[in-house]
$ cat query_0.cif   # mmCIF, C-alpha atoms and all ligand atoms
data_coords
loop_
_atom_site.label_atom_id
_atom_site.label_comp_id
_atom_site.auth_asym_id
_atom_site.auth_seq_id
_atom_site.Cartn_x
_atom_site.Cartn_y
_atom_site.Cartn_z
CA MET N 205 4.76 -53.78 22.09
CA LYS N 206 7.13 -52.14 24.60
CA LYS N 207 5.94 -48.62 25.36
CA HIS N 208 7.96 -45.41 25.23
CA ASN N 209 8.13 -44.88 28.96
CA PHE N 210 8.39 -41.23 30.04
CA SER N 211 7.33 -42.01 33.61
CA ALA N 212 8.90 -39.88 36.38
CA GLY N 213 9.79 -42.77 38.67
CA PRO N 214 9.62 -45.65 39.09
CA CYS N 215 10.56 -45.47 35.46
CA ILE N 216 12.31 -47.01 32.51
CA LEU N 217 15.36 -49.20 33.09
CA PRO N 218 17.58 -50.69 30.41
CA GLN N 219 15.78 -53.63 28.79
CA GLU N 220 18.81 -55.92 29.18
CA VAL N 221 18.97 -55.09 32.90
CA MET N 222 15.33 -56.07 33.36
CA GLN N 223 15.93 -59.31 31.51
CA LYS N 224 18.98 -60.24 33.59
CA ALA N 225 17.21 -59.24 36.82
CA ALA N 226 14.14 -61.29 35.89
CA SER N 227 16.28 -64.30 35.10
CA ALA N 228 18.22 -63.99 38.39
CA VAL N 229 14.92 -64.23 40.27
CA ILE N 230 14.52 -67.69 38.77
CA GLU N 231 18.18 -68.65 39.01
CA LEU N 232 21.26 -66.61 39.82
CA ASP N 233 24.33 -67.40 37.70
CA ASP N 234 23.70 -71.17 37.39
CA ILE N 235 23.91 -71.77 41.14
CA GLY N 236 20.65 -73.69 41.31
CA LEU N 237 19.10 -71.01 43.53
CA SER N 238 17.23 -67.77 43.07
CA LEU N 239 18.74 -64.39 43.93
CA ILE N 240 15.89 -63.86 46.38
CA GLU N 241 16.24 -67.16 48.21
CA ILE N 242 19.94 -67.06 49.06
CA SER N 243 21.37 -65.66 52.27
CA HIS N 244 22.49 -62.07 52.08
CA ARG N 245 25.62 -63.32 53.86
CA SER N 246 26.37 -65.83 51.09
CA LYS N 247 29.48 -65.22 49.03
CA GLU N 248 27.28 -64.64 45.97
CA PHE N 249 25.37 -61.77 47.52
CA VAL N 250 28.32 -60.26 49.40
CA ASP N 251 30.09 -60.05 46.02
CA ILE N 252 27.03 -58.38 44.45
CA MET N 253 26.89 -55.75 47.21
CA GLU N 254 30.62 -55.08 46.95
CA GLN N 255 30.40 -54.73 43.20
CA ALA N 256 27.44 -52.33 43.44
CA ARG N 257 29.25 -50.17 46.00
CA SER N 258 32.44 -50.18 43.99
CA LEU N 259 30.72 -49.36 40.66
CA ALA N 260 28.85 -46.44 42.24
CA LEU N 261 32.10 -44.87 43.47
CA GLU N 262 33.92 -45.62 40.23
CA LEU N 263 31.25 -44.02 38.02
CA LEU N 264 31.20 -40.90 40.20
CA GLY N 265 35.00 -40.68 40.13
CA LEU N 266 35.18 -41.07 43.91
CA LYS N 267 37.18 -44.27 44.27
CA ASP N 268 40.01 -44.05 46.79
CA LYS N 269 39.04 -40.50 47.69
CA GLY N 270 37.77 -41.14 51.21
CA TYR N 271 34.17 -41.87 50.21
CA GLN N 272 31.94 -44.83 51.02
CA ALA N 273 28.91 -45.98 49.07
CA LEU N 274 25.99 -47.46 50.98
CA PHE N 275 22.79 -49.09 49.80
CA LEU N 276 20.13 -48.39 52.44
CA HIS N 277 16.42 -48.87 52.99
CA GLY N 278 13.75 -46.24 53.39
CA GLY N 279 13.90 -44.27 50.15
CA ALA N 280 15.29 -40.79 49.70
CA SER N 281 12.70 -39.65 52.25
CA MET N 282 14.55 -41.56 54.96
CA GLU N 283 17.70 -39.60 54.09
CA PHE N 284 15.85 -36.36 54.84
CA LEU N 285 16.06 -37.33 58.51
CA MET N 286 19.26 -39.40 58.44
CA VAL N 287 21.15 -36.42 57.06
CA ALA N 288 19.92 -34.26 59.92
CA TYR N 289 20.57 -37.00 62.51
CA ASN N 290 24.18 -37.30 61.38
CA PHE N 291 25.09 -33.70 60.44
CA LEU N 292 22.81 -31.19 62.16
CA GLU N 293 24.27 -30.03 65.47
CA LYS N 294 22.91 -26.47 65.64
CA LYS N 295 21.97 -24.89 62.35
CA ALA N 296 21.65 -26.06 58.75
CA GLY N 297 20.90 -24.25 55.49
CA TYR N 298 18.59 -25.54 52.76
CA LEU N 299 17.84 -24.25 49.29
CA ASN N 300 14.12 -24.72 48.84
CA THR N 301 13.65 -25.59 45.18
CA GLY N 302 10.67 -27.93 45.26
CA THR N 303 8.39 -30.27 47.15
CA TRP N 304 11.24 -32.64 47.99
CA SER N 305 13.46 -29.88 49.40
CA ASP N 306 10.48 -28.66 51.37
CA LYS N 307 9.99 -32.11 52.85
CA ALA N 308 13.70 -32.39 53.66
CA ILE N 309 13.48 -29.05 55.49
CA LYS N 310 10.49 -30.21 57.51
CA GLU N 311 12.35 -33.29 58.74
CA ALA N 312 15.54 -31.37 59.53
CA ARG N 313 13.58 -28.91 61.68
CA LEU N 314 12.99 -31.77 64.14
CA PHE N 315 16.73 -31.75 64.85
CA GLY N 316 17.78 -28.10 65.00
CA GLU N 317 17.51 -24.69 63.42
CA VAL N 318 17.01 -24.64 59.67
CA VAL N 319 17.57 -21.57 57.53
CA GLU N 320 15.98 -21.42 54.10
CA VAL N 321 18.92 -19.80 52.36
CA ALA N 322 16.80 -19.17 49.25
CA SER N 323 13.48 -20.37 47.92
CA SER N 324 11.51 -20.35 44.69
CA LYS N 325 8.31 -21.46 46.42
CA ASP N 326 6.42 -18.22 45.71
CA LYS N 327 6.82 -18.84 41.95
CA ASN N 328 5.63 -22.45 42.23
CA TYR N 329 9.28 -23.51 42.02
CA ASN N 330 9.65 -22.69 38.33
CA PHE N 331 13.25 -21.51 38.69
CA ILE N 332 16.46 -22.08 40.65
CA PRO N 333 17.35 -19.15 42.94
CA LYS N 334 20.71 -17.58 42.16
CA ASP N 335 21.37 -14.44 44.16
CA TYR N 336 21.64 -15.36 47.79
CA LYS N 337 24.18 -15.26 50.55
CA ILE N 338 25.11 -18.47 52.34
CA PRO N 339 25.58 -17.85 56.08
CA GLY N 340 29.01 -18.99 57.27
CA ASP N 341 27.84 -20.63 60.49
CA LEU N 342 25.90 -23.57 59.05
CA ASP N 343 26.66 -27.21 59.82
CA TYR N 344 25.91 -27.94 56.16
CA LEU N 345 24.16 -26.69 53.06
CA HIS N 346 21.56 -28.97 51.46
CA ILE N 347 20.46 -28.77 47.83
CA THR N 348 18.24 -30.84 45.52
CA SER N 349 20.17 -31.01 42.26
CA ASN N 350 17.16 -31.85 40.09
CA ASN N 351 13.57 -31.03 40.95
CA THR N 352 11.63 -33.94 39.53
CA ILE N 353 8.16 -32.39 39.80
CA TYR N 354 8.95 -28.92 38.40
CA GLY N 355 11.60 -29.84 35.85
CA THR N 356 14.35 -27.56 37.11
CA GLN N 357 18.00 -28.47 37.62
CA PHE N 358 21.00 -26.72 39.13
CA LYS N 359 23.33 -25.99 36.21
CA GLU N 360 25.89 -24.55 38.64
CA ILE N 361 26.37 -26.17 42.00
CA PRO N 362 26.61 -23.52 44.76
CA LYS N 363 30.20 -22.76 45.78
CA THR N 364 30.74 -23.05 49.50
CA ASP N 365 33.34 -24.14 52.02
CA LEU N 366 30.58 -25.63 54.15
CA PRO N 367 29.83 -29.36 53.98
CA LEU N 368 27.59 -29.73 50.94
CA ILE N 369 24.81 -32.34 50.91
CA CYS N 370 22.81 -33.15 47.81
CA ASP N 371 19.60 -35.00 47.07
CA MET N 372 20.48 -36.30 43.62
CA SER N 373 17.55 -38.72 43.35
CA SER N 374 16.46 -37.72 39.87
CA ASP N 375 19.71 -36.87 38.08
CA ILE N 376 22.45 -39.02 39.58
CA PHE N 377 24.66 -40.70 36.93
CA SER N 378 23.13 -38.48 34.20
CA ARG N 379 25.71 -35.70 33.90
CA GLN N 380 29.31 -34.98 34.77
CA LEU N 381 30.02 -32.98 37.89
CA ASP N 382 32.93 -32.80 40.24
CA PHE N 383 31.29 -35.14 42.73
CA SER N 384 34.07 -34.56 45.25
CA GLN N 385 32.56 -31.15 46.04
CA PHE N 386 29.83 -32.99 47.97
CA ASP N 387 30.23 -34.41 51.46
CA LEU N 388 27.15 -36.55 51.02
CA ILE N 389 25.02 -37.47 48.02
CA TYR N 390 21.83 -39.50 48.27
CA ALA N 391 19.49 -40.85 45.65
CA GLY N 392 16.52 -43.19 45.69
CA ALA N 393 17.20 -45.95 43.18
CA GLN N 394 14.00 -45.68 41.19
CA LYS N 395 15.11 -43.23 38.50
CA ASN N 396 18.52 -43.85 37.00
CA MET N 397 19.48 -46.94 38.96
CA GLY N 398 16.97 -49.65 39.74
CA PRO N 399 13.63 -50.59 41.23
CA ALA N 400 12.29 -48.74 44.27
CA GLY N 401 13.38 -50.12 47.61
CA VAL N 402 16.97 -49.02 47.96
CA THR N 403 18.74 -45.68 48.31
CA LEU N 404 22.32 -44.97 47.35
CA VAL N 405 24.22 -42.85 49.86
CA VAL N 406 27.74 -41.71 49.01
CA VAL N 407 29.44 -40.12 51.97
CA LYS N 408 32.85 -38.69 52.72
CA GLU N 409 33.99 -40.60 55.76
CA ASP N 410 35.77 -37.78 57.52
CA ALA N 411 32.65 -35.59 57.36
CA LEU N 412 30.95 -37.92 59.84
CA GLY N 413 31.14 -37.95 63.63
CA LYS N 414 30.64 -34.19 64.12
CA VAL N 415 27.37 -34.28 66.08
CA SER N 416 27.02 -34.88 69.80
CA ARG N 417 23.65 -36.66 69.84
CA LYS N 418 23.25 -40.41 70.16
CA ILE N 419 22.18 -41.87 66.86
CA PRO N 420 20.07 -45.05 66.63
CA SER N 421 22.05 -47.75 64.79
CA MET N 422 19.84 -47.89 61.71
CA MET N 423 20.10 -44.10 61.36
CA ASP N 424 23.86 -43.97 61.80
CA TYR N 425 25.92 -43.80 58.60
CA LYS N 426 29.02 -44.97 60.53
CA VAL N 427 27.27 -48.16 61.60
CA HIS N 428 26.35 -48.92 58.00
CA ILE N 429 29.92 -48.20 56.85
CA ASP N 430 31.40 -50.44 59.56
CA LYS N 431 29.06 -53.24 58.47
CA ASP N 432 29.87 -52.88 54.74
CA SER N 433 26.29 -51.79 54.05
CA MET N 434 25.00 -55.06 55.56
CA PHE N 435 23.99 -53.99 59.07
CA ASN N 436 20.66 -55.70 58.51
CA THR N 437 19.23 -57.65 55.58
CA PRO N 438 19.62 -55.41 52.55
CA PRO N 439 16.93 -55.24 49.84
CA VAL N 440 18.67 -57.85 47.71
CA PHE N 441 16.67 -57.50 44.50
CA PRO N 442 16.95 -53.68 44.18
CA VAL N 443 20.66 -53.85 45.06
CA TYR N 444 21.29 -56.54 42.43
CA THR N 445 19.31 -54.67 39.77
CA SER N 446 21.09 -51.41 40.60
CA MET N 447 24.41 -53.21 40.24
CA LEU N 448 23.34 -54.40 36.77
CA THR N 449 22.36 -50.86 35.73
CA LEU N 450 25.65 -49.44 36.99
CA GLN N 451 27.51 -52.14 35.06
CA TRP N 452 25.41 -51.28 31.96
CA LEU N 453 26.37 -47.63 32.33
CA LYS N 454 30.04 -48.47 32.77
CA ASP N 455 30.01 -50.66 29.64
CA LEU N 456 28.41 -47.81 27.72
CA GLY N 457 31.29 -45.49 28.60
CA GLY N 458 30.08 -44.16 31.96
CA ILE N 459 28.59 -40.77 32.75
CA ALA N 460 30.63 -39.03 30.02
CA ALA N 461 28.90 -41.14 27.37
CA ILE N 462 25.35 -41.01 28.72
CA LYS N 463 25.57 -37.25 29.28
CA GLU N 464 25.92 -36.73 25.51
CA VAL N 465 22.77 -38.73 24.82
CA ASN N 466 20.88 -36.99 27.62
CA GLU N 467 21.80 -33.58 26.17
CA LYS N 468 20.61 -34.60 22.71
CA LYS N 469 17.29 -35.87 24.07
CA ALA N 470 16.68 -32.69 26.07
CA GLN N 471 17.65 -30.44 23.16
CA LEU N 472 15.32 -32.25 20.81
CA LEU N 473 12.32 -31.92 23.12
CA TYR N 474 12.96 -28.38 24.37
CA SER N 475 13.44 -27.05 20.85
CA GLU N 476 10.06 -28.50 19.90
CA ILE N 477 8.48 -26.91 23.00
CA ASP N 478 10.00 -23.55 22.04
CA LEU N 479 9.23 -23.69 18.32
CA ASN N 480 5.75 -25.17 18.47
CA PRO N 481 3.21 -22.43 19.34
CA LEU N 482 0.85 -25.02 20.85
CA PHE N 483 3.19 -25.70 23.78
CA LYS N 484 4.69 -23.66 26.62
CA GLY N 485 7.57 -24.70 28.84
CA PHE N 486 7.00 -24.44 32.59
CA ALA N 487 10.52 -23.98 33.97
CA ALA N 488 12.76 -20.93 33.43
CA LYS N 489 14.83 -21.69 30.32
CA GLU N 490 18.24 -21.42 31.95
CA ASP N 491 17.20 -23.86 34.70
CA ARG N 492 15.54 -26.51 32.57
CA SER N 493 16.15 -30.06 33.66
CA ASN N 494 17.65 -32.53 31.21
CA MET N 495 15.82 -35.29 33.06
CA ASN N 496 12.26 -33.97 33.47
CA ALA N 497 10.79 -31.56 30.92
CA THR N 498 7.60 -29.85 32.11
CA PHE N 499 5.25 -28.16 29.64
CA THR N 500 1.62 -27.25 29.08
CA LEU N 501 -0.68 -26.81 26.12
CA ALA N 502 -1.28 -23.20 25.07
CA ASP N 503 -4.91 -24.12 24.45
CA GLU N 504 -6.47 -26.60 26.89
CA LYS N 505 -9.11 -27.45 24.27
CA LEU N 506 -6.48 -29.54 22.49
CA LYS N 507 -5.96 -31.78 25.50
CA ASP N 508 -8.20 -34.66 24.46
CA THR N 509 -6.74 -34.75 20.95
CA PHE N 510 -3.14 -34.59 22.15
CA ASP N 511 -3.70 -37.20 24.88
CA ALA N 512 -5.28 -39.59 22.39
CA MET N 513 -2.37 -39.09 19.98
CA TRP N 514 0.45 -39.87 22.40
CA LYS N 515 -1.38 -42.80 23.90
CA GLU N 516 -2.00 -44.18 20.42
CA ALA N 517 1.75 -43.89 19.69
CA GLY N 518 2.56 -46.13 22.68
CA ILE N 519 3.76 -43.35 24.98
CA ASN N 520 3.36 -43.86 28.73
CA GLY N 521 3.66 -41.59 31.76
CA LEU N 522 3.39 -38.13 30.21
CA ASN N 523 0.88 -36.56 32.59
CA GLY N 524 2.33 -33.78 34.72
CA HIS N 525 2.41 -33.85 38.50
CA ARG N 526 -0.78 -32.43 40.05
CA SER N 527 1.11 -29.44 41.49
CA VAL N 528 2.21 -28.26 38.02
CA GLY N 529 -0.42 -29.75 35.70
CA GLY N 530 0.16 -30.17 31.96
CA TYR N 531 2.81 -32.66 30.93
CA ARG N 532 6.11 -33.99 32.17
CA ALA N 533 8.40 -35.97 29.94
CA SER N 534 11.01 -37.75 32.04
CA MET N 535 14.04 -38.69 30.00
CA TYR N 536 16.14 -40.82 32.29
CA ASN N 537 19.32 -42.60 31.19
CA ALA N 538 17.56 -45.68 29.81
CA LEU N 539 15.12 -43.75 27.59
CA SER N 540 16.29 -43.71 23.99
CA LEU N 541 16.63 -40.72 21.69
CA GLU N 542 14.18 -42.55 19.39
CA SER N 543 11.47 -42.44 22.07
CA VAL N 544 11.93 -38.68 22.40
CA GLY N 545 11.69 -38.49 18.60
CA VAL N 546 8.31 -40.24 18.73
CA LEU N 547 6.99 -37.66 21.20
CA VAL N 548 8.37 -34.72 19.22
CA ASP N 549 6.77 -36.07 16.00
CA ILE N 550 3.41 -36.19 17.75
CA MET N 551 3.78 -32.65 19.00
CA SER N 552 4.49 -31.41 15.50
CA ASP N 553 1.64 -33.54 14.09
CA LEU N 554 -0.66 -31.77 16.51
CA GLU N 555 0.50 -28.41 15.17
CA ARG N 556 -0.24 -29.56 11.61
CA LYS N 557 -3.70 -30.77 12.60
CA ALA N 558 -4.73 -27.81 14.77
N1 LIG A 1 13.88 -36.44 46.24
C1 LIG A 1 13.59 -36.32 44.94
C2 LIG A 1 14.34 -35.33 44.10
C3 LIG A 1 12.60 -37.14 44.37
O1 LIG A 1 12.30 -37.04 43.07
C4 LIG A 1 11.92 -38.08 45.20
C5 LIG A 1 10.87 -39.01 44.67
N2 LIG A 1 10.40 -38.85 43.45
C6 LIG A 1 12.24 -38.13 46.55
C7 LIG A 1 13.25 -37.31 47.03
C8 LIG A 1 11.57 -39.10 47.49
O2 LIG A 1 12.02 -40.36 47.21
P1 LIG A 1 11.46 -41.67 47.92
O3 LIG A 1 10.10 -41.91 47.37
O4 LIG A 1 12.47 -42.71 47.52
O5 LIG A 1 11.44 -41.44 49.38
#

$ encode --input "query_0.cif" --output "structure tokens"
Amino acid sequence: MKKHNFSAGPCILPQEVMQKAASAVIELDDIGLSLIEISHRSKEFVDIMEQARSLALELLGLKDKGYQALFLHGGASMEFLMVAYNFLEKKAGYLNTGTWSDKAIKEARLFGEVVEVASSKDKNYNFIPKDYKIPGDLDYLHITSNNTIYGTQFKEIPKTDLPLICDMSSDIFSRQLDFSQFDLIYAGAQKNMGPAGVTLVVVKEDALGKVSRKIPSMMDYKVHIDKDSMFNTPPVFPVYTSMLTLQWLKDLGGIAAIKEVNEKKAQLLYSEIDLNPLFKGFAAKEDRSNMNATFTLADEKLKDTFDAMWKEAGINGLNGHRSVGGYRASMYNALSLESVGVLVDIMSDLERKA
């Protein structure tokens, strides 16, 4: 039986995408060859890459608006340094809202001065800072739109005239935003897009070329743009699978359609967390993530019973990250409302039993 997969990433992907991807590993579109044995310069793969790049821009509403989509190696962690390589001349500002922002800051400090414009670190990142002043002399401002580990999410994107850069790894394609307010967006594939091994970077072309340092080719966004995201051999399987997921999302009605479902899922779970006295939410209510809900048991003595119940119901991946403890239910695009219903039923069963 297929499990209800609440894993934080790598995580659930649409079943039909996994089936198509699996079948393409055996044979791609009746060509007598596997997806993973053809040249990345073949017409078949060049078309796949172009389609993936085009779908990403289309879904974000950034087609023909001066943006380029790239599919790169190295995970979101590689973007922590690529961003600084390409944008940090003197001074950059970061909002420190979790472990991943913290890591991005650490990498950027190798390239220049970094100001932590605001931080929620002293409260174990359980909220999104709101009252802060953004210095005017920054090369860019960097934010992490959704904090996967802590279950917080920016509901309002900071307003600034500075170039705005966003790590959107765990909520890209999940909600509607004006994506043109960002100069660069990056996201590891392994949440809402595909298997681990590729990172989507969406960059405004005229924001590039502002730093004086020499940039190694593999680190240079311009090089990847000039080579149509094929400077070296791309990770063909993650790119293909991401393309299938983006096509799935488009067929469903795009971000506008999935956003509705994501809101329903989050509402269902958070209302159970709030109404059920056996559970406590971790994140500040106004900053709760629609992708990752973090919560704990009010009474740790119930842990064994609760764990046995959700495992018995075929739920996977509910344990919280070690830095928060408790539970984390990740509700990415491909997770159904029914799966959230199964979890909520178990939580209320526990209340009846306790
Ligand atoms: N940023 C965020 C918000 C993440 O959730 C993660 C991974 N879970 C990363 C960055 C790091 O991604 P990667 O493992 O692809 O380097």

$ residues_near_ligand --input "query_0.cif" --ligand "ligand LIG 1 (chain A)" --cutoff "9 Å" --atoms "only C-alpha atoms and all ligand atoms" --output "PyMOL selection string"
chain N and resi 212-214+278-284+302-305+307-308+348-353+371-375+390-395+400-403

$ atom_distance --input "query_0.cif" --atom1 "atom CA of N:Ser416" --atom2 "atom CA of N:Tyr298"
21.2 Å

$ residues_around --input "query_0.cif" --residues "stretch 223-233 of chain N" --least-positions-apart "3" --cutoff "8 Å" --atoms "only C-alpha atoms" --output "MDAnalysis selection string"
chainID N and resid 219:220 236:240 441 444:445 448

$ residues_around --input "query_0.cif" --residues "N:Gln471" --least-positions-apart "3" --cutoff "12 Å" --atoms "all atoms listed in the file" --output "ChimeraX atom specification"
/N:464-468,474-479,489,492-495,497,535,541,544-545,548

$ closest_residue --input "query_0.cif" --among "N:Asp326, N:Asp251, N:Asp341, N:Glu490" --to "N:Gly355" --atoms "only C-alpha atoms"
N:Glu490

$ atom_distance --input "query_0.cif" --atom1 "atom CA of N:Tyr329" --atom2 "atom CA of N:Asn496"
13.8 Å

$ atom_distance --input "query_0.cif" --atom1 "atom CA of N:Tyr289" --atom2 "atom CA of N:Lys414"
10.6 Å

$ closest_residue --input "query_0.cif" --among "N:Ile242, N:Ala538, N:Ile462, N:Val407" --to "N:Ile429" --atoms "all atoms listed in the file"
N:Val407

$ residues_around --input "query_0.cif" --residues "N:Ile338" --least-positions-apart "3" --cutoff "9 Å" --atoms "all atoms listed in the file" --output "list of chain:residue names"
N:Gly297, N:Val321, N:Ala322, N:Asp341, N:Leu342, N:Leu345, N:Thr364

$ closest_residue --input "query_0.cif" --among "N:Asn480, N:Lys327, N:Gly413, N:Val440" --to "N:Glu248" --atoms "all atoms listed in the file"
N:Val440

$ decode --input "query_0.cif" --residues "stretch 438-510 of chain N" --atoms "C-alpha atoms" --output "mmCIF file, in the first residue's frame"
data_model
loop_
_atom_site.group_PDB
_atom_site.id
_atom_site.type_symbol
_atom_site.label_atom_id
_atom_site.label_comp_id
_atom_site.auth_asym_id
_atom_site.auth_seq_id
_atom_site.Cartn_x
_atom_site.Cartn_y
_atom_site.Cartn_z
ATOM 1 C CA PRO N 438 23.090 18.366 -16.759
ATOM 2 C CA PRO N 439 21.528 15.876 -14.319
ATOM 3 C CA VAL N 440 19.217 14.468 -16.971
ATOM 4 C CA PHE N 441 16.916 12.376 -14.778
ATOM 5 C CA PRO N 442 16.098 15.115 -12.208
ATOM 6 C CA VAL N 443 15.604 17.644 -15.020
ATOM 7 C CA TYR N 444 13.239 15.310 -16.880
ATOM 8 C CA THR N 445 11.277 14.476 -13.734
ATOM 9 C CA SER N 446 11.045 18.158 -12.781
ATOM 10 C CA MET N 447 9.722 18.896 -16.261
ATOM 11 C CA LEU N 448 7.023 16.241 -15.752
ATOM 12 C CA THR N 449 6.016 17.745 -12.388
ATOM 13 C CA LEU N 450 5.843 21.240 -13.851
ATOM 14 C CA GLN N 451 3.686 19.909 -16.682
ATOM 15 C CA TRP N 452 1.469 18.147 -14.092
ATOM 16 C CA LEU N 453 1.068 21.425 -12.227
ATOM 17 C CA LYS N 454 0.253 23.326 -15.403
ATOM 18 C CA ASP N 455 -2.392 20.750 -16.376
ATOM 19 C CA LEU N 456 -3.914 21.084 -12.914
ATOM 20 C CA GLY N 457 -4.385 24.823 -13.396
ATOM 21 C CA GLY N 458 -0.986 26.086 -12.229
ATOM 22 C CA ILE N 459 -0.095 27.760 -8.955
ATOM 23 C CA ALA N 460 -3.554 29.372 -8.617
ATOM 24 C CA ALA N 461 -5.157 25.928 -8.454
ATOM 25 C CA ILE N 462 -2.643 24.197 -6.184
ATOM 26 C CA LYS N 463 -2.617 27.142 -3.775
ATOM 27 C CA GLU N 464 -6.300 26.483 -2.969
ATOM 28 C CA VAL N 465 -5.588 22.852 -2.111
ATOM 29 C CA ASN N 466 -2.504 23.789 -0.090
ATOM 30 C CA GLU N 467 -4.552 26.276 1.961
ATOM 31 C CA LYS N 468 -7.227 23.663 2.665
ATOM 32 C CA LYS N 469 -4.630 21.111 3.788
ATOM 33 C CA ALA N 470 -2.909 23.598 6.098
ATOM 34 C CA GLN N 471 -6.211 24.827 7.553
ATOM 35 C CA LEU N 472 -7.351 21.299 8.283
ATOM 36 C CA LEU N 473 -4.169 20.385 10.148
ATOM 37 C CA TYR N 474 -3.632 23.668 12.002
ATOM 38 C CA SER N 475 -7.212 23.748 13.241
ATOM 39 C CA GLU N 476 -6.722 20.265 14.698
ATOM 40 C CA ILE N 477 -3.455 21.389 16.339
ATOM 41 C CA ASP N 478 -5.267 24.384 17.859
ATOM 42 C CA LEU N 479 -8.419 22.570 18.956
ATOM 43 C CA ASN N 480 -6.868 19.367 20.246
ATOM 44 C CA PRO N 481 -5.460 19.947 23.771
ATOM 45 C CA LEU N 482 -2.924 17.133 23.278
ATOM 46 C CA PHE N 483 -0.975 19.115 20.664
ATOM 47 C CA LYS N 484 0.897 22.427 20.580
ATOM 48 C CA GLY N 485 2.035 24.271 17.482
ATOM 49 C CA PHE N 486 5.692 25.321 17.385
ATOM 50 C CA ALA N 487 5.656 28.347 15.057
ATOM 51 C CA ALA N 488 4.020 31.718 15.785
ATOM 52 C CA LYS N 489 0.481 31.486 14.402
ATOM 53 C CA GLU N 490 0.740 34.382 11.970
ATOM 54 C CA ASP N 491 3.929 32.929 10.455
ATOM 55 C CA ARG N 492 2.837 29.321 10.094
ATOM 56 C CA SER N 493 4.021 27.596 6.962
ATOM 57 C CA ASN N 494 1.486 26.016 4.633
ATOM 58 C CA MET N 495 4.163 23.542 3.586
ATOM 59 C CA ASN N 496 5.679 22.329 6.884
ATOM 60 C CA ALA N 497 3.571 22.228 10.047
ATOM 61 C CA THR N 498 5.625 21.778 13.229
ATOM 62 C CA PHE N 499 3.998 20.649 16.465
ATOM 63 C CA THR N 500 4.677 18.780 19.694
ATOM 64 C CA LEU N 501 2.711 16.646 22.105
ATOM 65 C CA ALA N 502 1.546 18.439 25.262
ATOM 66 C CA ASP N 503 2.377 15.278 27.196
ATOM 67 C CA GLU N 504 5.469 13.359 26.060
ATOM 68 C CA LYS N 505 4.090 10.220 27.731
ATOM 69 C CA LEU N 506 1.724 9.859 24.775
ATOM 70 C CA LYS N 507 4.574 9.621 22.291
ATOM 71 C CA ASP N 508 4.732 5.844 21.963
ATOM 72 C CA THR N 509 0.967 5.549 21.537
ATOM 73 C CA PHE N 510 0.771 8.355 18.978
#
